[in-house]
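Chemist: Below is the file input.pdb, which contains PDB, C-alpha atoms and all ligand atoms.
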ATOM      1  CA  MET W   1     176.721  77.260  62.968
ATOM      2  CA  SER W   2     175.991  80.900  63.546
ATOM      3  CA  LYS W   3     173.547  82.372  61.084
ATOM      4  CA  SER W   4     172.555  85.985  60.524
ATOM      5  CA  ALA W   5     169.691  87.819  58.900
ATOM      6  CA  VAL W   6     169.514  91.396  57.712
ATOM      7  CA  VAL W   7     165.985  92.703  58.213
ATOM      8  CA  PHE W   8     165.260  96.150  56.828
ATOM      9  CA  TYR W   9     162.661  98.654  55.757
ATOM     10  CA  THR W  10     163.403 101.458  53.341
ATOM     11  CA  TRP W  11     161.337 104.312  51.978
ATOM     12  CA  GLY W  12     163.872 105.934  49.682
ATOM     13  CA  GLY W  13     166.400 103.129  49.129
ATOM     14  CA  GLN W  14     169.260 104.118  51.470
ATOM     15  CA  ALA W  15     168.595 101.484  54.139
ATOM     16  CA  LYS W  16     168.269  98.926  51.336
ATOM     17  CA  THR W  17     171.721  99.750  49.967
ATOM     18  CA  MET W  18     173.141  99.423  53.493
ATOM     19  CA  ALA W  19     171.304  96.126  54.036
ATOM     20  CA  GLU W  20     172.687  94.723  50.788
ATOM     21  CA  GLU W  21     176.194  95.791  51.742
ATOM     22  CA  ILE W  22     175.901  94.138  55.178
ATOM     23  CA  ALA W  23     174.489  90.955  53.617
ATOM     24  CA  LYS W  24     177.374  90.880  51.162
ATOM     25  CA  LEU W  25     179.931  91.292  53.960
ATOM     26  CA  THR W  26     178.383  88.769  56.346
ATOM     27  CA  GLY W  27     176.670  86.235  54.107
ATOM     28  CA  ALA W  28     173.440  86.938  55.983
ATOM     29  CA  ASP W  29     169.996  86.244  54.554
ATOM     30  CA  ILE W  30     168.111  89.385  53.644
ATOM     31  CA  ILE W  31     164.499  90.112  54.581
ATOM     32  CA  GLU W  32     162.680  93.246  53.450
ATOM     33  CA  VAL W  33     159.811  94.409  55.627
ATOM     34  CA  LYS W  34     157.025  96.131  53.690
ATOM     35  CA  PRO W  35     153.831  97.825  54.857
ATOM     36  CA  LYS W  36     150.631  96.431  53.299
ATOM     37  CA  THR W  37     149.709  99.949  52.263
ATOM     38  CA  PRO W  38     152.894 101.633  51.041
ATOM     39  CA  TYR W  39     153.557 105.189  52.221
ATOM     40  CA  SER W  40     153.207 107.832  49.524
ATOM     41  CA  ASP W  41     156.109 108.284  47.094
ATOM     42  CA  ASN W  42     155.750 111.989  47.727
ATOM     43  CA  TYR W  43     158.073 112.969  50.604
ATOM     44  CA  SER W  44     155.786 115.592  52.190
ATOM     45  CA  THR W  45     152.760 113.314  51.994
ATOM     46  CA  CYS W  46     154.756 110.430  53.459
ATOM     47  CA  VAL W  47     155.957 112.618  56.345
ATOM     48  CA  LYS W  48     152.430 113.930  56.982
ATOM     49  CA  ASP W  49     150.839 110.445  56.930
ATOM     50  CA  ALA W  50     153.588 108.812  58.989
ATOM     51  CA  LYS W  51     153.380 111.606  61.582
ATOM     52  CA  LYS W  52     149.601 111.219  61.829
ATOM     53  CA  GLU W  53     149.955 107.444  62.246
ATOM     54  CA  MET W  54     152.536 107.952  65.005
ATOM     55  CA  ASP W  55     150.459 110.597  66.779
ATOM     56  CA  GLU W  56     147.539 108.168  66.769
ATOM     57  CA  GLY W  57     149.750 105.451  68.293
ATOM     58  CA  LYS W  58     149.214 103.167  65.281
ATOM     59  CA  LEU W  59     151.609 100.826  63.515
ATOM     60  CA  PRO W  60     151.193  99.750  59.882
ATOM     61  CA  GLU W  61     150.080  96.260  58.889
ATOM     62  CA  LEU W  62     152.866  94.405  57.097
ATOM     63  CA  THR W  63     152.639  92.356  53.899
ATOM     64  CA  GLU W  64     153.974  89.400  55.874
ATOM     65  CA  THR W  65     153.464  88.525  59.525
ATOM     66  CA  ASP W  66     154.763  84.974  60.006
ATOM     67  CA  PHE W  67     158.491  85.677  59.953
ATOM     68  CA  ASP W  68     160.458  82.587  60.956
ATOM     69  CA  MET W  69     163.530  83.904  62.732
ATOM     70  CA  SER W  70     164.351  80.644  64.556
ATOM     71  CA  ALA W  71     167.398  79.855  62.414
ATOM     72  CA  TYR W  72     169.169  83.124  63.196
ATOM     73  CA  ASP W  73     171.281  84.095  66.171
ATOM     74  CA  THR W  74     172.167  87.577  64.933
ATOM     75  CA  VAL W  75     169.706  90.005  63.383
ATOM     76  CA  TYR W  76     170.966  93.150  61.659
ATOM     77  CA  LEU W  77     168.026  95.526  61.802
ATOM     78  CA  GLY W  78     167.947  98.380  59.289
ATOM     79  CA  SER W  79     165.728 101.423  59.103
ATOM     80  CA  PRO W  80     165.558 105.045  58.100
ATOM     81  CA  ILE W  81     165.148 107.414  61.039
ATOM     82  CA  TRP W  82     161.593 108.683  61.249
ATOM     83  CA  PHE W  83     160.921 111.346  63.849
ATOM     84  CA  GLY W  84     163.988 110.481  65.878
ATOM     85  CA  THR W  85     163.536 106.715  65.937
ATOM     86  CA  ILE W  86     163.133 103.576  63.788
ATOM     87  CA  ALA W  87     160.487 103.781  61.064
ATOM     88  CA  ALA W  88     157.038 102.439  61.887
ATOM     89  CA  PRO W  89     157.304  99.276  59.700
ATOM     90  CA  ILE W  90     160.373  98.175  61.672
ATOM     91  CA  ALA W  91     158.597  98.855  64.971
ATOM     92  CA  ALA W  92     155.698  96.760  63.581
ATOM     93  CA  PHE W  93     158.129  93.955  62.694
ATOM     94  CA  LEU W  94     159.552  93.971  66.232
ATOM     95  CA  THR W  95     156.083  93.681  67.726
ATOM     96  CA  GLU W  96     155.351  90.658  65.452
ATOM     97  CA  VAL W  97     158.487  88.631  66.144
ATOM     98  CA  ASP W  98     160.160  87.264  69.238
ATOM     99  CA  LEU W  99     163.907  87.821  69.072
ATOM    100  CA  THR W 100     164.591  86.497  72.577
ATOM    101  CA  GLY W 101     168.122  85.176  72.985
ATOM    102  CA  LYS W 102     169.355  86.752  69.764
ATOM    103  CA  ILE W 103     171.888  89.484  69.146
ATOM    104  CA  VAL W 104     170.243  92.505  67.524
ATOM    105  CA  LYS W 105     172.446  94.997  65.672
ATOM    106  CA  PRO W 106     170.438  98.021  64.524
ATOM    107  CA  PHE W 107     171.646 100.264  61.723
ATOM    108  CA  VAL W 108     169.904 103.468  60.779
ATOM    109  CA  THR W 109     170.226 106.144  58.132
ATOM    110  CA  HIS W 110     169.125 109.690  58.890
ATOM    111  CA  GLY W 111     168.885 113.082  57.253
ATOM    112  CA  GLY W 112     171.076 114.936  59.741
ATOM    113  CA  GLY W 113     169.251 114.420  63.029
ATOM    114  CA  GLY W 114     171.227 111.377  64.169
ATOM    115  CA  LYS W 115     169.801 108.198  65.656
ATOM    116  CA  GLY W 116     167.653 109.938  68.280
ATOM    117  CA  HIS W 117     166.110 107.457  70.722
ATOM    118  CA  THR W 118     166.653 104.411  68.483
ATOM    119  CA  ASP W 119     168.692 102.454  71.042
ATOM    120  CA  LYS W 120     166.135 102.855  73.817
ATOM    121  CA  ASP W 121     163.184 102.102  71.532
ATOM    122  CA  VAL W 122     164.707  98.974  69.964
ATOM    123  CA  ALA W 123     165.706  97.675  73.418
ATOM    124  CA  ALA W 124     162.144  98.187  74.653
ATOM    125  CA  LEU W 125     160.740  96.248  71.672
ATOM    126  CA  CYS W 126     163.288  93.387  72.064
ATOM    127  CA  PRO W 127     163.281  92.815  75.828
ATOM    128  CA  GLY W 128     164.957  89.400  75.649
ATOM    129  CA  SER W 129     167.636  90.289  73.121
ATOM    130  CA  ASP W 130     171.202  91.503  73.385
ATOM    131  CA  VAL W 131     170.704  94.817  71.567
ATOM    132  CA  LYS W 132     173.929  96.480  70.449
ATOM    133  CA  PRO W 133     174.263 100.275  70.015
ATOM    134  CA  ALA W 134     172.947 101.286  66.589
ATOM    135  CA  LEU W 135     175.178 102.305  63.728
ATOM    136  CA  ALA W 136     173.849 105.682  62.569
ATOM    137  CA  VAL W 137     174.921 107.140  59.224
ATOM    138  CA  TYR W 138     173.953 110.229  57.276
ATOM    139  CA  GLU W 139     171.892 109.447  54.146
ATOM    140  CA  GLY W 140     173.138 105.902  53.609
ATOM    141  CA  GLY W 141     176.703 106.571  54.784
ATOM    142  CA  LYS W 142     179.821 105.255  53.126
ATOM    143  CA  LYS W 143     180.797 101.667  52.392
ATOM    144  CA  GLU W 144     183.866 102.014  54.621
ATOM    145  CA  GLU W 145     181.924 103.001  57.751
ATOM    146  CA  ILE W 146     179.486 100.138  57.241
ATOM    147  CA  GLU W 147     182.326  97.690  56.745
ATOM    148  CA  ALA W 148     184.179  98.971  59.849
ATOM    149  CA  TRP W 149     181.019  98.519  61.928
ATOM    150  CA  VAL W 150     180.391  95.011  60.614
ATOM    151  CA  ARG W 151     183.981  93.983  61.344
ATOM    152  CA  ALA W 152     184.172  95.627  64.816
TER     153      ALA W 152
HETATM  154  C1  LIG R 201     158.539 110.107  57.474
HETATM  155  C2  LIG R 201     159.980 110.550  57.554
HETATM  156  C3  LIG R 201     160.485 111.032  58.748
HETATM  157  C4  LIG R 201     161.832 111.404  58.849
HETATM  158  N1  LIG R 201     162.317 111.835  60.057
HETATM  159  C5  LIG R 201     163.633 112.140  60.175
HETATM  160  C6  LIG R 201     164.182 112.548  61.437
HETATM  161  O1  LIG R 201     163.498 112.631  62.465
HETATM  162  N2  LIG R 201     165.507 112.832  61.490
HETATM  163  C7  LIG R 201     166.327 112.752  60.391
HETATM  164  O2  LIG R 201     167.523 113.020  60.503
HETATM  165  N3  LIG R 201     165.834 112.353  59.183
HETATM  166  C8  LIG R 201     164.520 112.051  59.051
HETATM  167  N4  LIG R 201     164.026 111.623  57.835
HETATM  168  C9  LIG R 201     164.980 111.451  56.705
HETATM  169  C10 LIG R 201     165.427 109.982  56.542
HETATM  170  O3  LIG R 201     165.733 109.388  57.795
HETATM  171  C11 LIG R 201     166.683 109.879  55.667
HETATM  172  O4  LIG R 201     166.511 110.553  54.448
HETATM  173  C12 LIG R 201     167.082 108.422  55.423
HETATM  174  O5  LIG R 201     168.422 108.358  54.951
HETATM  175  C13 LIG R 201     166.166 107.753  54.395
HETATM  176  O6  LIG R 201     166.417 106.367  54.332
HETATM  177  P1  LIG R 201     165.673 105.451  53.231
HETATM  178  O7  LIG R 201     166.180 105.930  51.890
HETATM  179  O8  LIG R 201     166.120 104.043  53.533
HETATM  180  O9  LIG R 201     164.200 105.610  53.379
HETATM  181  C14 LIG R 201     162.685 111.286  57.712
HETATM  182  C15 LIG R 201     162.151 110.820  56.501
HETATM  183  C16 LIG R 201     160.824 110.446  56.411
HETATM  184  C17 LIG R 201     160.281 109.923  55.101
END
Will you turn the file into structure tokens for me?
Modeler:
Amino acid sequence: MSKSAVVFYTWGGQAKTMAEEIAKLTGADIIEVKPKTPYSDNYSTCVKDAKKEMDEGKLPELTETDFDMSAYDTVYLGSPIWFGTIAAPIAAFLTEVDLTGKIVKPFVTHGGGGKGHTDKDVAALCPGSDVKPALAVYEGGKKEEIEAWVRA
């Protein structure tokens, strides 16, 4: 039987709302990825620290590293857009797990800049997966657009 997981990271809650909606529509298991050291609750500080981390080529350590994805054939992958791509905790997740042979369906929420180079970056981090074009919505989007994407 085909089984799906929704894996997501959120800073402000929008990607979480989307993940919950997708899980509700698909019956998928839901997995929240969290950095060991959370980013600041203050937006400007978070942006400054995340930018510094990216400029230094670093990825955050996650609270969990031994994700067992073997049961899933489809992985919905949710993230806010950070600097034109998936947020660092989701990039860290993709470097920890092997999603070879699985379908990967990214979904991202952005603040007006669109999905940037998400598709290219996710494909590079999941070389053995069938990565679908990402759903990109503005600040969490609307239920209807998420549902249309899930059902497409
Ligand atoms: C560190 C950081 C970087 C961001 N970079 C971008 C960006 O490059 N383009 C954009 O449109 N929005 C950017 N945003 C805004 C978020 O992508 C947007 O508010 C998103 O909906 C937040 O999702 P969340 O509530 O799940 O964290 C950034 C936000 C943060 C905190």
Chemist: Per residue of chain W within 8 Å of ligand LIG 201 (chain R), record the nearest atom pair and its distance in Å to one decimal, counting all atoms listed in the file, with rows in chain order and ascending residue number, as JSON lines.
Modeler:
{"residue": "W:Tyr9", "atom": "CA", "partner": "R:LIG201", "partner_atom": "O8", "distance": 6.8}
{"residue": "W:Thr10", "atom": "CA", "partner": "R:LIG201", "partner_atom": "O8", "distance": 3.8}
{"residue": "W:Trp11", "atom": "CA", "partner": "R:LIG201", "partner_atom": "O9", "distance": 3.4}
{"residue": "W:Gly12", "atom": "CA", "partner": "R:LIG201", "partner_atom": "O7", "distance": 3.2}
{"residue": "W:Gly13", "atom": "CA", "partner": "R:LIG201", "partner_atom": "O7", "distance": 3.9}
{"residue": "W:Gln14", "atom": "CA", "partner": "R:LIG201", "partner_atom": "O7", "distance": 3.6}
{"residue": "W:Ala15", "atom": "CA", "partner": "R:LIG201", "partner_atom": "O8", "distance": 3.6}
{"residue": "W:Lys16", "atom": "CA", "partner": "R:LIG201", "partner_atom": "O8", "distance": 6.0}
{"residue": "W:Thr17", "atom": "CA", "partner": "R:LIG201", "partner_atom": "O8", "distance": 7.9}
{"residue": "W:Tyr43", "atom": "CA", "partner": "R:LIG201", "partner_atom": "C17", "distance": 5.9}
{"residue": "W:Ser44", "atom": "CA", "partner": "R:LIG201", "partner_atom": "C17", "distance": 7.8}
{"residue": "W:Cys46", "atom": "CA", "partner": "R:LIG201", "partner_atom": "C1", "distance": 5.5}
{"residue": "W:Val47", "atom": "CA", "partner": "R:LIG201", "partner_atom": "C1", "distance": 3.8}
{"residue": "W:Lys48", "atom": "CA", "partner": "R:LIG201", "partner_atom": "C1", "distance": 7.2}
{"residue": "W:Asp49", "atom": "CA", "partner": "R:LIG201", "partner_atom": "C1", "distance": 7.7}
{"residue": "W:Ala50", "atom": "CA", "partner": "R:LIG201", "partner_atom": "C1", "distance": 5.3}
{"residue": "W:Lys51", "atom": "CA", "partner": "R:LIG201", "partner_atom": "C1", "distance": 6.8}
{"residue": "W:Ser79", "atom": "CA", "partner": "R:LIG201", "partner_atom": "O8", "distance": 6.2}
{"residue": "W:Pro80", "atom": "CA", "partner": "R:LIG201", "partner_atom": "O6", "distance": 4.1}
{"residue": "W:Ile81", "atom": "CA", "partner": "R:LIG201", "partner_atom": "O3", "distance": 3.8}
{"residue": "W:Trp82", "atom": "CA", "partner": "R:LIG201", "partner_atom": "N1", "distance": 3.4}
{"residue": "W:Phe83", "atom": "CA", "partner": "R:LIG201", "partner_atom": "O1", "distance": 3.2}
{"residue": "W:Gly84", "atom": "CA", "partner": "R:LIG201", "partner_atom": "O1", "distance": 4.1}
{"residue": "W:Thr85", "atom": "CA", "partner": "R:LIG201", "partner_atom": "O1", "distance": 6.9}
{"residue": "W:Ala87", "atom": "CA", "partner": "R:LIG201", "partner_atom": "C1", "distance": 7.5}
{"residue": "W:Val108", "atom": "CA", "partner": "R:LIG201", "partner_atom": "O5", "distance": 7.8}
{"residue": "W:Thr109", "atom": "CA", "partner": "R:LIG201", "partner_atom": "O5", "distance": 4.3}
{"residue": "W:His110", "atom": "CA", "partner": "R:LIG201", "partner_atom": "O3", "distance": 3.6}
{"residue": "W:Gly111", "atom": "CA", "partner": "R:LIG201", "partner_atom": "O2", "distance": 3.5}
{"residue": "W:Gly112", "atom": "CA", "partner": "R:LIG201", "partner_atom": "O2", "distance": 4.1}
{"residue": "W:Gly113", "atom": "CA", "partner": "R:LIG201", "partner_atom": "O2", "distance": 3.4}
{"residue": "W:Gly114", "atom": "CA", "partner": "R:LIG201", "partner_atom": "O2", "distance": 5.5}
{"residue": "W:Lys115", "atom": "CA", "partner": "R:LIG201", "partner_atom": "O2", "distance": 7.4}
{"residue": "W:Gly116", "atom": "CA", "partner": "R:LIG201", "partner_atom": "O1", "distance": 7.6}
{"residue": "W:Val137", "atom": "CA", "partner": "R:LIG201", "partner_atom": "O5", "distance": 7.9}
{"residue": "W:Tyr138", "atom": "CA", "partner": "R:LIG201", "partner_atom": "O5", "distance": 6.3}
{"residue": "W:Glu139", "atom": "CA", "partner": "R:LIG201", "partner_atom": "O5", "distance": 3.7}
{"residue": "W:Gly140", "atom": "CA", "partner": "R:LIG201", "partner_atom": "O5", "distance": 5.5}
Chemist: Would you save the residues of that selection, restricted to C-alpha atoms, as a CSV table (one decimal), in the frame of the given file?
Modeler:
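Written output follows (out.csv):
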chain,number,residue,atom,x,y,z
W,9,TYR,CA,162.7,98.7,55.8
W,10,THR,CA,163.4,101.5,53.3
W,11,TRP,CA,161.3,104.3,52.0
W,12,GLY,CA,163.9,105.9,49.7
W,13,GLY,CA,166.4,103.1,49.1
W,14,GLN,CA,169.3,104.1,51.5
W,15,ALA,CA,168.6,101.5,54.1
W,16,LYS,CA,168.3,98.9,51.3
W,17,THR,CA,171.7,99.8,50.0
W,43,TYR,CA,158.1,113.0,50.6
W,44,SER,CA,155.8,115.6,52.2
W,46,CYS,CA,154.8,110.4,53.5
W,47,VAL,CA,156.0,112.6,56.3
W,48,LYS,CA,152.4,113.9,57.0
W,49,ASP,CA,150.8,110.4,56.9
W,50,ALA,CA,153.6,108.8,59.0
W,51,LYS,CA,153.4,111.6,61.6
W,79,SER,CA,165.7,101.4,59.1
W,80,PRO,CA,165.6,105.0,58.1
W,81,ILE,CA,165.1,107.4,61.0
W,82,TRP,CA,161.6,108.7,61.2
W,83,PHE,CA,160.9,111.3,63.8
W,84,GLY,CA,164.0,110.5,65.9
W,85,THR,CA,163.5,106.7,65.9
W,87,ALA,CA,160.5,103.8,61.1
W,108,VAL,CA,169.9,103.5,60.8
W,109,THR,CA,170.2,106.1,58.1
W,110,HIS,CA,169.1,109.7,58.9
W,111,GLY,CA,168.9,113.1,57.3
W,112,GLY,CA,171.1,114.9,59.7
W,113,GLY,CA,169.3,114.4,63.0
W,114,GLY,CA,171.2,111.4,64.2
W,115,LYS,CA,169.8,108.2,65.7
W,116,GLY,CA,167.7,109.9,68.3
W,137,VAL,CA,174.9,107.1,59.2
W,138,TYR,CA,174.0,110.2,57.3
W,139,GLU,CA,171.9,109.4,54.1
W,140,GLY,CA,173.1,105.9,53.6
Chemist: Measuring atom to atom with all atoms listed in the file, identify which of W:Asn42, W:Thr26, W:Thr100, W:Ser129 is nearest to W:Trp149.
Modeler: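 Among W:Asn42, W:Thr26, W:Thr100, W:Ser129, it is W:Thr26 that comes nearest to W:Trp149.
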Chemist: The PyMOL selection byres (((chain W and resi 8) around 10) and not hetatm) on the file shown: which residues, as a PyMOL selection string?
Modeler: chain W and resi 5-7+9-10+15-16+18-20+30-34+76-80+87+89-90+93+106-108
Chemist: How many Å lie between atom CA of W:Thr74 and atom CA of W:Lys105, rounded to one decimal?
Modeler: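 Separating atom CA of W:Thr74 from atom CA of W:Lys105 is a distance of 7.5 Å.
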Chemist: From the options W:Ser70, W:Leu94, W:Lys102, W:Lys143, which residue's atoms come nearest to W:Asp121, counting all atoms listed in the file?
Modeler: W:Leu94
Chemist: For atom CA of W:Glu53 and atom CA of W:Ala88, quote the distance in Å rounded to one decimal.
Modeler: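 Result for atom CA of W:Glu53 versus atom CA of W:Ala88: 8.7 Å, one decimal.
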Chemist: Of the candidates W:Leu59, W:Ile103, W:Ala71, W:Leu25, which one gets nearest to W:Ala91 if we count all atoms listed in the file?
Modeler: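 Smallest separation from W:Ala91 among the options: W:Leu59.
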Chemist: Kindly compute an axis-aligned box around the listed atoms of stretch 67-74 of chain W, allowing 6 Å on each side, and express its centre and edge lengths in Å to one decimal as lines of an AutoDock Vina configuration file.
Modeler:
center_x = 165.3
center_y = 83.7
center_z = 63.1
size_x = 25.7
size_y = 19.7
size_z = 18.2
Chemist: What does the structure give for the distance between atom CA of W:Val104 and atom CA of W:Ser4, in Å to one decimal?
Modeler: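 That distance, rounded to one decimal, is 9.8 Å.
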Chemist: On this structure, which residues satisfy the PyMOL selection byres (((chain W and resi 64) around 9) and not hetatm), written as a list in words?
Modeler: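 Here the PyMOL selection byres (((chain W and resi 64) around 9) and not hetatm) matches Val33, Lys34, Pro35, Lys36, Glu61, Leu62, Thr63, Thr65, Asp66 and Phe67 of chain W.
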Chemist: Hey, which of W:Cys126, W:Leu99, W:Ala23, W:Val131 ends up closest to W:Tyr72? Count only C-alpha atoms.
Modeler: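 Nearest to W:Tyr72: W:Leu99.
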